[in-house]
Amino acid sequence: MLATAFDGLDDLVYIADLETYDLLYANRACRQNFHIQDSPGKCYEVLQGLSQPCDFCTNQKLREHGRWAWSCFNPLLQRHFDLYDSVIDFRGRKARLEIAYDITDHVAEKRLILHGDIEQLIAHCARLLNDDAGNLHTLLNMTLEEIGRFLEADRCYIFEIHGGTASNTHEWCRKGVSSQQKNLQHVPQAAYARWIGPLHSGSSVFLPDVEDIARLSPVEYAYLKPQGVKSLLVEPLNVSGELFGFLGVDNPAPHRVQETRITLASISKFMGSTIERFRLINTLAHHSHHDALTGLGNRHLFRKELEALSGPGAAILLLEVNGLKKINETYGMQYGDELLARIGDMLGKLAETGRAFRLNGGEFAVLWTSIDRAAFADTQQRLESFFSGILGFSAAVGGYWMDTGDRPGQAHTRAEKQMYHRKRDYYRLQGGSRYRAEMDDMLRLAQPGTLEQMLDDGKVITYWQPKYSLKDGRICGAEALVRLRHGDEVLSPGQFMPLLESLHRTYLLDYFVFEEACRFLRRRLDEARSVVPVSSNFSRNTFVMPDFLDRLEAIRRRYDIPLTLLQVEITETVDAADQAAFQDMARKLHAHGFCLVIDDFGVAHANLATLAEVDFSVLKLDKRLIHSLESNPRLFKILEMLILTSHSLRINTVAEGVERPEQLTILSGMGCHEVQGFLFSRPLPLEEFRQKLDAAAPPR
């Protein structure tokens with residue numbers, strides 16, 4: 001995943017197989033310098049111009065030590081490099097990751113001094129900063145101490161620039177020297193105005209004698225003099241190609257001045273790369289636990305924190321917007337998204353000491369680890385009043401305060417039950433029948449035998465939504481979807497599946513749809529007509545059943561369908577209690593040959609942890625990621641990173657909910673493999689899908 005981030009670096013980065021020397025990856029700078037094309041060959045051929053492995057190859061050292069730092073002169077580029085190698089797992093292979101820093105401009109200077117000590121310092125600092133198991137703050141402080149001691153300086157520090165000010169975020173002081181960090185927060189740009197130009201151009205700033213600037217720059221002098229600064233050197237810190245701040249030392253020993261320049265210039269590059277790496281890791285970790293629209297914790301984080309609750313004093317509150325679908329249909333998806341973002345903000349403020357989450361769509365939750373019972377009752381009443389319709393919309397609210405002996409799951413169920421009653425009352429007043437509790441009154445799905453009778457009577461049917469290849473525009477797959485016939489209406493899953501999930505009855509529909517997919521494929525094969533892979537959704541309750549694989553295989557064998565034509569979509573991640581069973585079943589399915597698909601990736605349910613732990617073959621990007629793709633630059637970057645990462649993991653990507661040509665153009669440019677959505681086709685009855693597949697014409 002991190003390999004894709006290396007394309008933004010000016011330094012040369014490549015990955016090669018430890019055993020075969022095959023060049024597996026090269027970043028953009030490396031490809032340009034060595035004119036690397038597709039299927040480049042061996043690392044020693046491409047990077048050194050040799051016909052056999054290099055005499056100085058570090059592979060053996062890496063096998064023994066795991067990491068290695070060294071220097072070399074490259075004859076093809078006629079440049080000197082510092083190189084830092086480490087062993088990594090890359091696409092299931094043991095490989096060497098090498099990062100090469102161009103030091104040609106410093107070689108002449110380094111030969112004039114005892115550069116051996118400097119090289120050892122730089123190599124040591126590089127190893128410190130490359131410690132993935134470390135904490136960024138600690139790694140930076142340890143590096144500052146190494147620099148400061150080596151240069152015999154009074155202080156060594158890092159400043160971060162934000163807008164028009166700079167703040168001292170990390171500092172090391174020699175024994176007996178007072179810390180200045182507290183006094184150097186939000187320093188105005190006037191105090192370092194002369195430095196900005198050189199730092200932006202990549203140059204260092206050296207003040208051999210601070211007294212020389214007393215008249216030239218009084219504001220700068222007024223900041224430096226009280227700190228006891230007599231001389232200083234600062235080097236720019238660049239992160240993601242932009243000036244992040246600067247690395248500096250105060251009062252280095254006079255005989256170390258020349259070494260100071262070399263040391264800071266080299267180590268500042270390592271620091272910039274380290275900060276960028278931790279930023280990327282933190283961004284990915286944040287988005288795996290937070291909702292992209294509201295910034296609140298998502299369902300995955302909610303489940304995790306819910307399990308940690310214990311009474312007495314803990315509490316849970318659930319809230320769901322009434323009529324969200326109608327709001328979106330009436331005012332548009334953008335208005336609906338803005339409304340949800342406002343609700344998330346308001347909920348966080350109104351809940352005060354609680355932590356708010358967005359679970360899915362218009363569903364929100366708040367958790368308290370400790371709150372007085374009366375205070376919780378008052379908070380719930382205030383929220384019910386606030387979301388009663390005075391803002392132009394309303395929401396159903398349910399809550400539960402945990403007493404001694406209450407378990408988190410029980411508390412969640414009781415809060416949910418209360419919210420459902422409020423929701424049902426709302427829809428009864430509206431005269432509608434969209435909500436699951438109201439649908440239960442009409443369909444009696446909770447009564448034993450009702451669903452089985454509907455299956456026998458043919459009231460359970462399938463709809464089919466085509467998937468289209470972005471390579472040639474043709475139908476390349478389909479998703480089989482379940483529907484219920486109720487009189488003249490065809491009901492979508494949102495109107496009955498939540499109730500069946502709460503009753504653990506979805507397995508009847510899951511297996512029905514899978515068998516219908518096999519039946520459809522068998523008929524097409526027998527008629528010698530074209531076929532495409534078909535995916536079927538399975539709920540978490542069905543997926544973790546011990547005999548799940550056996551039942552799937554029995555149906556597949558009955559119709560004699562090749563495994564390559566069947567895809568198993570997992571629509572939800574599992575609760576913590578089911579995690580082991582979930583992963584075990586996923587491994588069994590993968591080993592058996594079934595294609596596994598993560599559905600709704602990126603919002604609420606599926607997350608990066610699931611992607612990392614289980615061998616999935618297809619990743620379906622949730623339609624809410626696609627909806628604002630053209631207008632949200634941050635979302636664009638995140639989605640681009642997900643698709644690039646999927647490519648590196650050999651995972652096929654499918655974008656759901658594509659409705660506009662602009663979205664299609666962006667996804668195509670990102671390298672997304674397949675799309676589905678209303679721009680191409682709504683879910684179709686079986687016969688209409690058959691006709692569309694027979695026509696096999698590219699979509700307009």
# chains A, B, ... in the order shown; residues from 1 in each chain; ligands from 1
call {"tool": "residues_around", "arguments": {"residues": "Gly297 in chain A", "least_positions_apart": "4", "cutoff": "9 Å", "atoms": "only C-alpha atoms", "output": "list in words"}}
result
His289, His290, Asp291, Leu301, Phe302, Arg355, Ala356, Phe357, Arg358, Leu359 and Ala604 of chain A
call {"tool": "write_last_selection", "arguments": {"atoms": "C-alpha atoms", "output": "JSON list (two decimals), in the first residue's frame"}}
result
[["chain", "number", "residue", "atom", "x", "y", "z"],
["A", 289, "HIS", "CA", -12.65, 4.19, 11.72],
["A", 290, "HIS", "CA", -14.40, 7.43, 10.71],
["A", 291, "ASP", "CA", -17.23, 8.45, 8.43],
["A", 301, "LEU", "CA", -15.49, 2.09, 15.71],
["A", 302, "PHE", "CA", -18.97, 2.16, 17.29],
["A", 355, "ARG", "CA", -19.19, 10.49, 21.70],
["A", 356, "ALA", "CA", -21.22, 10.59, 18.49],
["A", 357, "PHE", "CA", -21.08, 8.12, 15.58],
["A", 358, "ARG", "CA", -22.66, 7.86, 12.14],
["A", 359, "LEU", "CA", -23.58, 4.23, 11.58],
["A", 604, "ALA", "CA", -19.74, 2.39, 7.64]]
call {"tool": "residues_around", "arguments": {"residues": "range 208-215 of chain A", "least_positions_apart": "5", "cutoff": "8 Å", "atoms": "only C-alpha atoms", "output": "list in words"}}
result
Glu220, Tyr221, Leu224, Lys225, Val229, Lys230, Ser231 and Leu232 of chain A
call {"tool": "residues_around", "arguments": {"residues": "Ala591 in chain A", "least_positions_apart": "6", "cutoff": "12 Å", "atoms": "only C-alpha atoms", "output": "MDAnalysis selection string"}}
result
chainID A and resid 549 563 584:585 614:616
call {"tool": "residues_around", "arguments": {"residues": "range 244-247 of chain A", "least_positions_apart": "3", "cutoff": "6 Å", "atoms": "only C-alpha atoms", "output": "ChimeraX atom specification"}}
result
/A:157-161,234-239
call {"tool": "write_last_selection", "arguments": {"atoms": "C-alpha atoms", "output": "PDB file, in the first residue's frame"}}
result
ATOM      1  CA  TYR A 157      14.655  21.656  17.100  1.00  0.00           C
ATOM      2  CA  ILE A 158      11.848  21.330  14.562  1.00  0.00           C
ATOM      3  CA  PHE A 159       9.446  24.131  13.671  1.00  0.00           C
ATOM      4  CA  GLU A 160       6.192  23.511  11.802  1.00  0.00           C
ATOM      5  CA  ILE A 161       4.770  26.319   9.672  1.00  0.00           C
ATOM      6  CA  VAL A 234      18.180  25.882   9.694  1.00  0.00           C
ATOM      7  CA  GLU A 235      17.364  23.465   6.870  1.00  0.00           C
ATOM      8  CA  PRO A 236      13.965  23.207   5.119  1.00  0.00           C
ATOM      9  CA  LEU A 237      11.682  20.261   5.960  1.00  0.00           C
ATOM     10  CA  ASN A 238       9.620  19.280   2.926  1.00  0.00           C
ATOM     11  CA  VAL A 239       6.647  16.911   3.158  1.00  0.00           C
TER      12      VAL A 239
END
call {"tool": "select_by_dssp", "arguments": {"residues": "range 446-655 of chain A", "states": "helix (DSSP H, G or I)", "output": "ChimeraX atom specification"}}
result
/A:450-456,493-495,497-502,506-526,540-543,548-559,563-565,576-592,608-613,623-627,633-648
call {"tool": "residues_around", "arguments": {"residues": "Arg342 in chain A", "least_positions_apart": "4", "cutoff": "12 Å", "atoms": "only C-alpha atoms", "output": "list in words"}}
result
Leu293, Thr294, Gly295, Leu296, Tyr335, Gly336, Asp337, Glu338, Met346, Leu347, Gly348, Lys349, Arg358, Gly362 and Leu391 of chain A
call {"tool": "write_last_selection", "arguments": {"atoms": "C-alpha atoms", "output": "PDB file, in the first residue's frame"}}
result
ATOM      1  CA  LEU A 293     -19.108  12.756   5.334  1.00  0.00           C
ATOM      2  CA  THR A 294     -19.460  13.812   8.979  1.00  0.00           C
ATOM      3  CA  GLY A 295     -16.047  13.028  10.457  1.00  0.00           C
ATOM      4  CA  LEU A 296     -17.752  11.047  13.244  1.00  0.00           C
ATOM      5  CA  TYR A 335     -28.892  18.482   0.127  1.00  0.00           C
ATOM      6  CA  GLY A 336     -29.267  15.145   1.952  1.00  0.00           C
ATOM      7  CA  ASP A 337     -25.516  14.920   2.532  1.00  0.00           C
ATOM      8  CA  GLU A 338     -25.391  18.490   3.843  1.00  0.00           C
ATOM      9  CA  MET A 346     -25.470  19.193  16.135  1.00  0.00           C
ATOM     10  CA  LEU A 347     -25.556  15.752  17.725  1.00  0.00           C
ATOM     11  CA  GLY A 348     -21.972  16.078  18.917  1.00  0.00           C
ATOM     12  CA  LYS A 349     -22.756  19.434  20.561  1.00  0.00           C
ATOM     13  CA  ARG A 358     -22.660   7.859  12.138  1.00  0.00           C
ATOM     14  CA  GLY A 362     -29.378   8.494   8.411  1.00  0.00           C
ATOM     15  CA  LEU A 391     -35.779  22.072  11.691  1.00  0.00           C
TER      16      LEU A 391
END
call {"tool": "atom_distance", "arguments": {"atom1": "CA of Leu509 in chain A", "atom2": "CA of Leu455 in chain A"}}
result
8.6 Å
call {"tool": "residues_around", "arguments": {"residues": "range 625-630 of chain A", "least_positions_apart": "5", "cutoff": "10 Å", "atoms": "only C-alpha atoms", "output": "MDAnalysis selection string"}}
result
chainID A and resid 292:293 333:334 337 600:603 635:639 655:660 662:667
call {"tool": "select_by_dssp", "arguments": {"residues": "range 451-581 of chain A", "states": "strand (DSSP E)", "output": "VMD selection string"}}
result
chain A and resid 460 to 469 475 to 486 489 to 491 534 to 538 566 to 570
call {"tool": "write_last_selection", "arguments": {"atoms": "C-alpha atoms", "output": "PDB file, in the first residue's frame"}}
result
ATOM      1  CA  VAL A 460     -39.776 -13.772  -3.706  1.00  0.00           C
ATOM      2  CA  ILE A 461     -38.147 -12.788  -7.008  1.00  0.00           C
ATOM      3  CA  THR A 462     -34.773 -11.637  -8.310  1.00  0.00           C
ATOM      4  CA  TYR A 463     -33.735  -8.449 -10.072  1.00  0.00           C
ATOM      5  CA  TRP A 464     -30.425  -8.171 -11.924  1.00  0.00           C
ATOM      6  CA  GLN A 465     -28.120  -5.176 -12.184  1.00  0.00           C
ATOM      7  CA  PRO A 466     -25.463  -5.361 -14.914  1.00  0.00           C
ATOM      8  CA  LYS A 467     -21.818  -4.423 -14.327  1.00  0.00           C
ATOM      9  CA  TYR A 468     -19.880  -2.805 -17.158  1.00  0.00           C
ATOM     10  CA  SER A 469     -16.199  -2.999 -18.031  1.00  0.00           C
ATOM     11  CA  ILE A 475     -21.455  -6.108 -19.735  1.00  0.00           C
ATOM     12  CA  CYS A 476     -18.854  -8.020 -17.728  1.00  0.00           C
ATOM     13  CA  GLY A 477     -20.936  -9.226 -14.792  1.00  0.00           C
ATOM     14  CA  ALA A 478     -24.164  -8.896 -12.847  1.00  0.00           C
ATOM     15  CA  GLU A 479     -25.413  -8.665  -9.287  1.00  0.00           C
ATOM     16  CA  ALA A 480     -28.457 -10.765  -8.389  1.00  0.00           C
ATOM     17  CA  LEU A 481     -30.757  -8.863  -6.004  1.00  0.00           C
ATOM     18  CA  VAL A 482     -33.767 -10.003  -4.005  1.00  0.00           C
ATOM     19  CA  ARG A 483     -37.241  -8.415  -4.146  1.00  0.00           C
ATOM     20  CA  LEU A 484     -40.674  -9.204  -2.629  1.00  0.00           C
ATOM     21  CA  ARG A 485     -43.983  -8.981  -4.460  1.00  0.00           C
ATOM     22  CA  HIS A 486     -46.693  -7.352  -2.354  1.00  0.00           C
ATOM     23  CA  GLU A 489     -45.792  -3.456  -5.605  1.00  0.00           C
ATOM     24  CA  VAL A 490     -42.229  -4.794  -5.832  1.00  0.00           C
ATOM     25  CA  LEU A 491     -40.521  -4.116  -2.506  1.00  0.00           C
ATOM     26  CA  VAL A 534     -22.880 -13.333 -11.177  1.00  0.00           C
ATOM     27  CA  SER A 535     -22.501 -12.097  -7.602  1.00  0.00           C
ATOM     28  CA  SER A 536     -24.877 -12.869  -4.730  1.00  0.00           C
ATOM     29  CA  ASN A 537     -25.100 -10.994  -1.424  1.00  0.00           C
ATOM     30  CA  PHE A 538     -24.870 -12.813   1.899  1.00  0.00           C
ATOM     31  CA  LEU A 566     -19.906 -17.206  -9.081  1.00  0.00           C
ATOM     32  CA  GLN A 567     -19.032 -14.379  -6.691  1.00  0.00           C
ATOM     33  CA  VAL A 568     -19.826 -14.228  -2.965  1.00  0.00           C
ATOM     34  CA  GLU A 569     -20.522 -10.673  -1.728  1.00  0.00           C
ATOM     35  CA  ILE A 570     -20.103  -9.935   1.969  1.00  0.00           C
TER      36      ILE A 570
END
call {"tool": "closest_residue", "arguments": {"among": "A:Tyr84, A:Tyr507, A:Trp70, A:Phe90", "to": "Tyr25 in chain A", "atoms": "only C-alpha atoms"}}
result
A:Phe90
call {"tool": "closest_residue", "arguments": {"among": "A:Thr564, A:Gln78, A:Asn251, A:Gln495", "to": "Ser617 in chain A", "atoms": "only C-alpha atoms"}}
result
A:Thr564
